[in-house]
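Enquirer: Dropping in final-v9.pdb, which is PDB, N, CA and C atoms:
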ATOM      1  N   MET A 957     -48.728 -81.617-119.929
ATOM      2  CA  MET A 957     -49.267 -82.004-118.634
ATOM      3  C   MET A 957     -49.082 -80.878-117.618
ATOM      4  N   ASN A 958     -47.907 -80.255-117.642
ATOM      5  CA  ASN A 958     -47.620 -79.158-116.724
ATOM      6  C   ASN A 958     -48.552 -77.982-116.968
ATOM      7  N   ARG A 959     -48.863 -77.732-118.219
ATOM      8  CA  ARG A 959     -49.747 -76.614-118.565
ATOM      9  C   ARG A 959     -51.165 -76.860-118.063
ATOM     10  N   LYS A 960     -51.625 -78.121-118.120
ATOM     11  CA  LYS A 960     -52.957 -78.459-117.634
ATOM     12  C   LYS A 960     -53.054 -78.207-116.132
ATOM     13  N   VAL A 961     -52.055 -78.643-115.395
ATOM     14  CA  VAL A 961     -52.038 -78.456-113.942
ATOM     15  C   VAL A 961     -51.999 -76.973-113.612
ATOM     16  N   THR A 962     -51.182 -76.224-114.338
ATOM     17  CA  THR A 962     -51.089 -74.783-114.120
ATOM     18  C   THR A 962     -52.420 -74.099-114.444
ATOM     19  N   ALA A 963     -53.046 -74.506-115.534
ATOM     20  CA  ALA A 963     -54.323 -73.914-115.935
ATOM     21  C   ALA A 963     -55.413 -74.219-114.900
ATOM     22  N   ILE A 964     -55.444 -75.437-114.398
ATOM     23  CA  ILE A 964     -56.430 -75.832-113.386
ATOM     24  C   ILE A 964     -56.191 -75.054-112.093
ATOM     25  N   ALA A 965     -54.941 -74.936-111.696
ATOM     26  CA  ALA A 965     -54.618 -74.186-110.476
ATOM     27  C   ALA A 965     -54.994 -72.713-110.629
ATOM     28  N   LEU A 966     -54.702 -72.148-111.787
ATOM     29  CA  LEU A 966     -55.045 -70.751-112.043
ATOM     30  C   LEU A 966     -56.568 -70.553-112.036
ATOM     31  N   ALA A 967     -57.300 -71.476-112.635
ATOM     32  CA  ALA A 967     -58.768 -71.394-112.657
ATOM     33  C   ALA A 967     -59.329 -71.493-111.236
ATOM     34  N   ALA A 968     -58.743 -72.375-110.423
ATOM     35  CA  ALA A 968     -59.198 -72.526-109.036
ATOM     36  C   ALA A 968     -58.946 -71.253-108.231
ATOM     37  N   ILE A 969     -57.818 -70.624-108.437
ATOM     38  CA  ILE A 969     -57.501 -69.379-107.726
ATOM     39  C   ILE A 969     -58.460 -68.271-108.144
ATOM     40  N   ILE A 970     -58.722 -68.153-109.438
ATOM     41  CA  ILE A 970     -59.645 -67.125-109.930
ATOM     42  C   ILE A 970     -61.047 -67.389-109.389
ATOM     43  N   TRP A 971     -61.489 -68.639-109.403
ATOM     44  CA  TRP A 971     -62.820 -68.982-108.894
ATOM     45  C   TRP A 971     -62.930 -68.662-107.404
ATOM     46  N   ALA A 972     -61.903 -69.004-106.614
ATOM     47  CA  ALA A 972     -61.923 -68.742-105.174
ATOM     48  C   ALA A 972     -61.958 -67.243-104.890
ATOM     49  N   THR A 973     -61.239 -66.478-105.660
ATOM     50  CA  THR A 973     -61.223 -65.026-105.481
ATOM     51  C   THR A 973     -62.589 -64.432-105.804
ATOM     52  N   ALA A 974     -63.210 -64.897-106.863
ATOM     53  CA  ALA A 974     -64.530 -64.387-107.258
ATOM     54  C   ALA A 974     -65.600 -64.833-106.264
ATOM     55  N   ALA A 975     -65.488 -66.031-105.731
ATOM     56  CA  ALA A 975     -66.502 -66.569-104.822
ATOM     57  C   ALA A 975     -66.512 -65.846-103.479
ATOM     58  N   GLN A 976     -65.432 -65.216-103.086
ATOM     59  CA  GLN A 976     -65.381 -64.510-101.805
ATOM     60  C   GLN A 976     -66.384 -63.370-101.748
ATOM     61  N   GLY A 977     -66.682 -62.760-102.861
ATOM     62  CA  GLY A 977     -67.584 -61.621-102.879
ATOM     63  C   GLY A 977     -69.055 -61.989-102.855
ATOM     64  N   PHE A 978     -69.391 -63.253-103.054
ATOM     65  CA  PHE A 978     -70.790 -63.668-103.100
ATOM     66  C   PHE A 978     -71.289 -64.040-101.716
ATOM     67  N   LEU A 979     -72.555 -63.696-101.443
ATOM     68  CA  LEU A 979     -73.186 -64.063-100.191
ATOM     69  C   LEU A 979     -73.532 -65.546-100.251
ATOM     70  N   MET A 980     -72.982 -66.310 -99.328
ATOM     71  CA  MET A 980     -73.192 -67.750 -99.360
ATOM     72  C   MET A 980     -74.551 -68.138 -98.773
ATOM     73  N   PHE A 981     -75.001 -67.424 -97.749
ATOM     74  CA  PHE A 981     -76.252 -67.747 -97.097
ATOM     75  C   PHE A 981     -77.235 -66.616 -97.352
ATOM     76  N   LYS A 982     -78.307 -66.907 -98.025
ATOM     77  CA  LYS A 982     -79.271 -65.881 -98.374
ATOM     78  C   LYS A 982     -79.928 -65.285 -97.128
ATOM     79  N   GLN A 983     -80.238 -66.093 -96.139
ATOM     80  CA  GLN A 983     -80.888 -65.639 -94.924
ATOM     81  C   GLN A 983     -79.915 -65.003 -93.948
ATOM     82  N   GLY A 984     -78.636 -65.177 -94.117
ATOM     83  CA  GLY A 984     -77.659 -64.665 -93.166
ATOM     84  C   GLY A 984     -77.327 -65.725 -92.136
ATOM     85  N   ARG A 985     -76.588 -65.329 -91.132
ATOM     86  CA  ARG A 985     -76.158 -66.285 -90.118
ATOM     87  C   ARG A 985     -76.696 -65.834 -88.776
ATOM     88  N   CYS A 986     -77.928 -66.133 -88.528
ATOM     89  CA  CYS A 986     -78.570 -65.780 -87.268
ATOM     90  C   CYS A 986     -78.207 -66.803 -86.197
ATOM     91  N   LEU A 987     -78.183 -66.353 -84.959
ATOM     92  CA  LEU A 987     -77.890 -67.257 -83.855
ATOM     93  C   LEU A 987     -79.107 -68.094 -83.487
ATOM     94  N   CYS A 988     -80.283 -67.522 -83.638
ATOM     95  CA  CYS A 988     -81.518 -68.221 -83.290
ATOM     96  C   CYS A 988     -82.116 -68.862 -84.535
ATOM     97  N   ILE A 989     -82.462 -70.127 -84.412
ATOM     98  CA  ILE A 989     -83.117 -70.837 -85.497
ATOM     99  C   ILE A 989     -84.589 -70.943 -85.123
ATOM    100  N   GLY A 990     -85.448 -70.476 -85.974
ATOM    101  CA  GLY A 990     -86.874 -70.503 -85.677
ATOM    102  C   GLY A 990     -87.292 -69.298 -84.851
ATOM    103  N   PRO A 991     -88.557 -69.262 -84.452
ATOM    104  CA  PRO A 991     -89.083 -68.083 -83.754
ATOM    105  C   PRO A 991     -88.607 -67.931 -82.312
ATOM    106  N   GLY A 992     -88.222 -68.990 -81.651
ATOM    107  CA  GLY A 992     -87.789 -68.911 -80.259
ATOM    108  C   GLY A 992     -88.923 -69.208 -79.301
ATOM    109  N   MET A 993     -88.593 -69.234 -78.017
ATOM    110  CA  MET A 993     -89.567 -69.557 -76.981
ATOM    111  C   MET A 993     -90.388 -68.316 -76.629
ATOM    112  N   LYS A 994     -91.591 -68.536 -76.125
ATOM    113  CA  LYS A 994     -92.440 -67.419 -75.708
ATOM    114  C   LYS A 994     -91.963 -66.840 -74.378
ATOM    115  N   ALA A 995     -91.546 -67.704 -73.455
ATOM    116  CA  ALA A 995     -91.118 -67.220 -72.142
ATOM    117  C   ALA A 995     -90.281 -68.283 -71.439
ATOM    118  N   VAL A 996     -89.464 -67.824 -70.494
ATOM    119  CA  VAL A 996     -88.711 -68.702 -69.602
ATOM    120  C   VAL A 996     -88.893 -68.150 -68.184
ATOM    121  N   LYS A 997     -88.579 -68.949 -67.190
ATOM    122  CA  LYS A 997     -88.711 -68.484 -65.807
ATOM    123  C   LYS A 997     -87.678 -67.390 -65.543
ATOM    124  N   MET A 998     -88.169 -66.249 -65.084
ATOM    125  CA  MET A 998     -87.284 -65.099 -64.843
ATOM    126  C   MET A 998     -86.200 -65.427 -63.824
ATOM    127  N   ALA A 999     -86.513 -66.238 -62.831
ATOM    128  CA  ALA A 999     -85.549 -66.581 -61.785
ATOM    129  C   ALA A 999     -84.380 -67.392 -62.331
ATOM    130  N   GLU A1000     -84.564 -68.030 -63.486
ATOM    131  CA  GLU A1000     -83.512 -68.870 -64.061
ATOM    132  C   GLU A1000     -82.611 -68.109 -65.028
ATOM    133  N   ILE A1001     -82.924 -66.844 -65.306
ATOM    134  CA  ILE A1001     -82.131 -66.066 -66.252
ATOM    135  C   ILE A1001     -80.937 -65.436 -65.547
ATOM    136  N   GLU A1002     -79.753 -65.693 -66.077
ATOM    137  CA  GLU A1002     -78.536 -65.076 -65.549
ATOM    138  C   GLU A1002     -78.206 -63.792 -66.310
ATOM    139  N   LYS A1003     -78.340 -63.844 -67.635
ATOM    140  CA  LYS A1003     -77.951 -62.716 -68.480
ATOM    141  C   LYS A1003     -78.849 -62.696 -69.708
ATOM    142  N   ALA A1004     -79.136 -61.502 -70.190
ATOM    143  CA  ALA A1004     -79.933 -61.363 -71.408
ATOM    144  C   ALA A1004     -79.226 -60.413 -72.362
ATOM    145  N   SER A1005     -79.353 -60.680 -73.640
ATOM    146  CA  SER A1005     -78.775 -59.787 -74.636
ATOM    147  C   SER A1005     -79.708 -59.692 -75.834
ATOM    148  N   VAL A1006     -79.676 -58.537 -76.463
ATOM    149  CA  VAL A1006     -80.477 -58.289 -77.659
ATOM    150  C   VAL A1006     -79.513 -58.034 -78.806
ATOM    151  N   ILE A1007     -79.719 -58.740 -79.891
ATOM    152  CA  ILE A1007     -78.901 -58.558 -81.077
ATOM    153  C   ILE A1007     -79.815 -58.002 -82.164
ATOM    154  N   TYR A1008     -79.526 -56.789 -82.593
ATOM    155  CA  TYR A1008     -80.350 -56.108 -83.575
ATOM    156  C   TYR A1008     -79.959 -56.530 -84.984
ATOM    157  N   PRO A1009     -80.824 -56.290 -85.966
ATOM    158  CA  PRO A1009     -80.514 -56.683 -87.354
ATOM    159  C   PRO A1009     -79.184 -56.105 -87.830
ATOM    160  N   SER A1010     -78.488 -56.906 -88.607
ATOM    161  CA  SER A1010     -77.196 -56.494 -89.152
ATOM    162  C   SER A1010     -77.036 -57.098 -90.539
ATOM    163  N   ASN A1011     -75.858 -56.971 -91.096
ATOM    164  CA  ASN A1011     -75.591 -57.548 -92.414
ATOM    165  C   ASN A1011     -75.659 -59.066 -92.399
ATOM    166  N   SER A1012     -75.325 -59.668 -91.264
ATOM    167  CA  SER A1012     -75.288 -61.121 -91.207
ATOM    168  C   SER A1012     -76.629 -61.748 -90.848
ATOM    169  N   CYS A1013     -77.528 -60.993 -90.204
ATOM    170  CA  CYS A1013     -78.839 -61.514 -89.820
ATOM    171  C   CYS A1013     -79.843 -60.369 -89.873
ATOM    172  N   ASP A1014     -80.956 -60.600 -90.533
ATOM    173  CA  ASP A1014     -81.908 -59.511 -90.754
ATOM    174  C   ASP A1014     -83.048 -59.467 -89.737
ATOM    175  N   LYS A1015     -82.886 -60.095 -88.574
ATOM    176  CA  LYS A1015     -83.956 -60.057 -87.576
ATOM    177  C   LYS A1015     -83.409 -59.744 -86.184
ATOM    178  N   VAL A1016     -84.307 -59.307 -85.302
ATOM    179  CA  VAL A1016     -83.938 -59.036 -83.911
ATOM    180  C   VAL A1016     -83.911 -60.366 -83.171
ATOM    181  N   GLU A1017     -82.858 -60.582 -82.384
ATOM    182  CA  GLU A1017     -82.737 -61.808 -81.611
ATOM    183  C   GLU A1017     -82.577 -61.461 -80.136
ATOM    184  N   VAL A1018     -83.364 -62.125 -79.290
ATOM    185  CA  VAL A1018     -83.264 -61.956 -77.848
ATOM    186  C   VAL A1018     -82.747 -63.279 -77.302
ATOM    187  N   ILE A1019     -81.552 -63.237 -76.711
ATOM    188  CA  ILE A1019     -80.899 -64.450 -76.224
ATOM    189  C   ILE A1019     -80.699 -64.331 -74.721
ATOM    190  N   VAL A1020     -81.169 -65.323 -73.990
ATOM    191  CA  VAL A1020     -80.984 -65.343 -72.543
ATOM    192  C   VAL A1020     -80.076 -66.508 -72.176
ATOM    193  N   THR A1021     -79.185 -66.248 -71.209
ATOM    194  CA  THR A1021     -78.315 -67.292 -70.679
ATOM    195  C   THR A1021     -78.909 -67.740 -69.358
ATOM    196  N   MET A1022     -79.121 -69.032 -69.239
ATOM    197  CA  MET A1022     -79.738 -69.580 -68.038
ATOM    198  C   MET A1022     -78.674 -69.838 -66.972
ATOM    199  N   LYS A1023     -79.078 -69.737 -65.709
ATOM    200  CA  LYS A1023     -78.152 -69.976 -64.598
ATOM    201  C   LYS A1023     -77.689 -71.427 -64.587
ATOM    202  N   ALA A1024     -78.614 -72.334 -64.768
ATOM    203  CA  ALA A1024     -78.284 -73.761 -64.750
ATOM    204  C   ALA A1024     -77.596 -74.153 -66.052
ATOM    205  N   HIS A1025     -76.420 -74.689 -65.952
ATOM    206  CA  HIS A1025     -75.656 -75.237 -67.080
ATOM    207  C   HIS A1025     -75.248 -74.189 -68.112
ATOM    208  N   LYS A1026     -75.445 -72.906 -67.827
ATOM    209  CA  LYS A1026     -75.051 -71.814 -68.736
ATOM    210  C   LYS A1026     -75.623 -71.995 -70.143
ATOM    211  N   ARG A1027     -76.796 -72.606 -70.230
ATOM    212  CA  ARG A1027     -77.455 -72.819 -71.513
ATOM    213  C   ARG A1027     -78.017 -71.507 -72.044
ATOM    214  N   GLN A1028     -78.019 -71.349 -73.353
ATOM    215  CA  GLN A1028     -78.603 -70.174 -73.972
ATOM    216  C   GLN A1028     -79.906 -70.558 -74.651
ATOM    217  N   ARG A1029     -80.896 -69.684 -74.517
ATOM    218  CA  ARG A1029     -82.200 -69.877 -75.132
ATOM    219  C   ARG A1029     -82.559 -68.627 -75.931
ATOM    220  N   CYS A1030     -83.234 -68.828 -77.020
ATOM    221  CA  CYS A1030     -83.718 -67.713 -77.816
ATOM    222  C   CYS A1030     -85.175 -67.461 -77.472
ATOM    223  N   LEU A1031     -85.501 -66.193 -77.288
ATOM    224  CA  LEU A1031     -86.885 -65.809 -77.043
ATOM    225  C   LEU A1031     -87.462 -65.195 -78.308
ATOM    226  N   ASP A1032     -88.749 -65.402 -78.497
ATOM    227  CA  ASP A1032     -89.456 -64.775 -79.610
ATOM    228  C   ASP A1032     -89.493 -63.274 -79.344
ATOM    229  N   PRO A1033     -88.896 -62.442 -80.199
ATOM    230  CA  PRO A1033     -88.840 -61.006 -79.938
ATOM    231  C   PRO A1033     -90.217 -60.345 -79.872
ATOM    232  N   ARG A1034     -91.250 -61.017 -80.358
ATOM    233  CA  ARG A1034     -92.608 -60.461 -80.303
ATOM    234  C   ARG A1034     -93.341 -60.852 -79.022
ATOM    235  N   SER A1035     -92.749 -61.746 -78.227
ATOM    236  CA  SER A1035     -93.415 -62.161 -76.992
ATOM    237  C   SER A1035     -93.334 -61.046 -75.941
ATOM    238  N   LYS A1036     -94.242 -61.107 -74.995
ATOM    239  CA  LYS A1036     -94.308 -60.073 -73.962
ATOM    240  C   LYS A1036     -93.019 -60.039 -73.140
ATOM    241  N   GLN A1037     -92.521 -61.207 -72.756
ATOM    242  CA  GLN A1037     -91.303 -61.264 -71.941
ATOM    243  C   GLN A1037     -90.106 -60.695 -72.695
ATOM    244  N   ALA A1038     -89.977 -61.022 -73.967
ATOM    245  CA  ALA A1038     -88.851 -60.505 -74.759
ATOM    246  C   ALA A1038     -88.949 -58.993 -74.899
ATOM    247  N   ARG A1039     -90.146 -58.472 -75.100
ATOM    248  CA  ARG A1039     -90.309 -57.017 -75.203
ATOM    249  C   ARG A1039     -89.913 -56.333 -73.897
ATOM    250  N   LEU A1040     -90.278 -56.928 -72.761
ATOM    251  CA  LEU A1040     -89.899 -56.353 -71.464
ATOM    252  C   LEU A1040     -88.382 -56.373 -71.278
ATOM    253  N   ILE A1041     -87.757 -57.454 -71.684
ATOM    254  CA  ILE A1041     -86.296 -57.560 -71.583
ATOM    255  C   ILE A1041     -85.637 -56.517 -72.482
ATOM    256  N   MET A1042     -86.143 -56.350 -73.704
ATOM    257  CA  MET A1042     -85.569 -55.359 -74.619
ATOM    258  C   MET A1042     -85.721 -53.949 -74.056
ATOM    259  N   GLN A1043     -86.877 -53.643 -73.463
ATOM    260  CA  GLN A1043     -87.079 -52.325 -72.860
ATOM    261  C   GLN A1043     -86.113 -52.099 -71.710
ATOM    262  N   ALA A1044     -85.909 -53.124 -70.867
ATOM    263  CA  ALA A1044     -84.994 -52.992 -69.726
ATOM    264  C   ALA A1044     -83.562 -52.761 -70.204
ATOM    265  N   ILE A1045     -83.139 -53.469 -71.237
ATOM    266  CA  ILE A1045     -81.777 -53.308 -71.762
ATOM    267  C   ILE A1045     -81.619 -51.935 -72.396
ATOM    268  N   GLU A1046     -82.631 -51.476 -73.148
ATOM    269  CA  GLU A1046     -82.555 -50.149 -73.761
ATOM    270  C   GLU A1046     -82.491 -49.057 -72.694
ATOM    271  N   LYS A1047     -83.266 -49.217 -71.630
ATOM    272  CA  LYS A1047     -83.251 -48.244 -70.545
ATOM    273  C   LYS A1047     -81.880 -48.218 -69.859
ATOM    274  N   LYS A1048     -81.322 -49.397 -69.639
ATOM    275  CA  LYS A1048     -79.996 -49.501 -69.012
ATOM    276  C   LYS A1048     -78.941 -48.839 -69.891
ATOM    277  N   ASN A1049     -78.995 -49.072 -71.192
ATOM    278  CA  ASN A1049     -78.039 -48.461 -72.127
ATOM    279  C   ASN A1049     -78.208 -46.943 -72.181
ATOM    280  N   PHE A1050     -79.454 -46.482 -72.138
ATOM    281  CA  PHE A1050     -79.726 -45.047 -72.164
ATOM    282  C   PHE A1050     -79.145 -44.369 -70.923
ATOM    283  N   LEU A1051     -79.364 -44.990 -69.762
ATOM    284  CA  LEU A1051     -78.835 -44.419 -68.529
ATOM    285  C   LEU A1051     -77.309 -44.425 -68.520
ATOM    286  N   ARG A1052     -76.731 -45.458 -69.075
ATOM    287  CA  ARG A1052     -75.272 -45.578 -69.157
ATOM    288  C   ARG A1052     -74.700 -44.460 -70.033
ATOM    289  N   ARG A1053     -75.384 -44.165 -71.156
ATOM    290  CA  ARG A1053     -74.918 -43.110 -72.057
ATOM    291  C   ARG A1053     -75.035 -41.726 -71.420
ATOM    292  N   GLN A1054     -76.074 -41.535 -70.600
ATOM    293  CA  GLN A1054     -76.274 -40.244 -69.944
ATOM    294  C   GLN A1054     -75.171 -39.976 -68.905
ATOM    295  N   ASN A1055     -74.703 -40.998 -68.236
ATOM    296  CA  ASN A1055     -73.703 -40.835 -67.182
ATOM    297  C   ASN A1055     -72.294 -40.649 -67.725
ATOM    298  N   MET A1056     -72.089 -40.818 -69.005
ATOM    299  CA  MET A1056     -70.748 -40.672 -69.587
ATOM    300  C   MET A1056     -70.405 -39.252 -69.822
TER     301      MET A1056
END
Take the structure in this file and express it as structure tokens.
Expert:
Amino acid sequence: MNRKVTAIALAAIIWATAAQGFLMFKQGRCLCIGPGMKAVKMAEIEKASVIYPSNSCDKVEVIVTMKAHKRQRCLDPRSKQARLIMQAIEKKNFLRRQNM
């Protein structure tokens, strides 16, 4: 009986160790589900951020934080508003790098 418990525990440890190396989610873990909104009212945006493709998510995500209730919304990165936001953030980052 003791050997069975030991064998089962050993098998579970080996399985857990091997499973750590496998990708559990094929699509990755993106923050935005679906394509996102086309546009939101600019006056309601408090903060915007762009998350570029990485190992965990293979798509560009544009996330805006709204002033009211601090809600976050995902914008469709192909929409005109999202492209303008991405350009503004890239320009801001470029200027920041130049001043360093």
Enquirer: Would you work out the distance separating atom C of Ala1024 of chain A from atom N of Ser1010 of chain A, expressed in Å to one decimal?
Expert: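 If I compute the distance from atom C of Ala1024 of chain A to atom N of Ser1010 of chain A, I get 28.4 Å.
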Enquirer: Starting from the shown file, work through the PyMOL selection byres (((chain A and resi 1008 and name CA) around 12) and name CA) and note down what comes out as a ChimeraX atom specification.
Expert: /A:986-987,1005-1007,1009-1019,1033,1042,1046
Enquirer: Identify, with DSSP run on backbone atoms, the residues in segment 976-1048 of chain A assigned to strand (DSSP E), and express the list as a PyMOL selection string.
Expert: chain A and resi 1001-1007+1017-1022+1028-1031
Enquirer: Write out as a list of chain:residue names each polymer residue whose atoms come within 7 Å of segment 989-1003 of chain A, counting only C-alpha atoms; drop sequence neighbours fewer than 4 positions from it.
Expert: A:Val1020, A:Thr1021, A:Met1022, A:Lys1023, A:Cys1030, A:Leu1031, A:Asp1032, A:Ser1035, A:Gln1037
Enquirer: What separation in Å, quoted to one decimal, exists between atom CA of Arg1034 of chain A and atom CA of Lys1047 of chain A?
Expert: 18.2 Å
Enquirer: What's the separation between atom N of Lys1036 of chain A and atom N of Lys1048 of chain A, in Å to one decimal place?
Expert: 18.2 Å
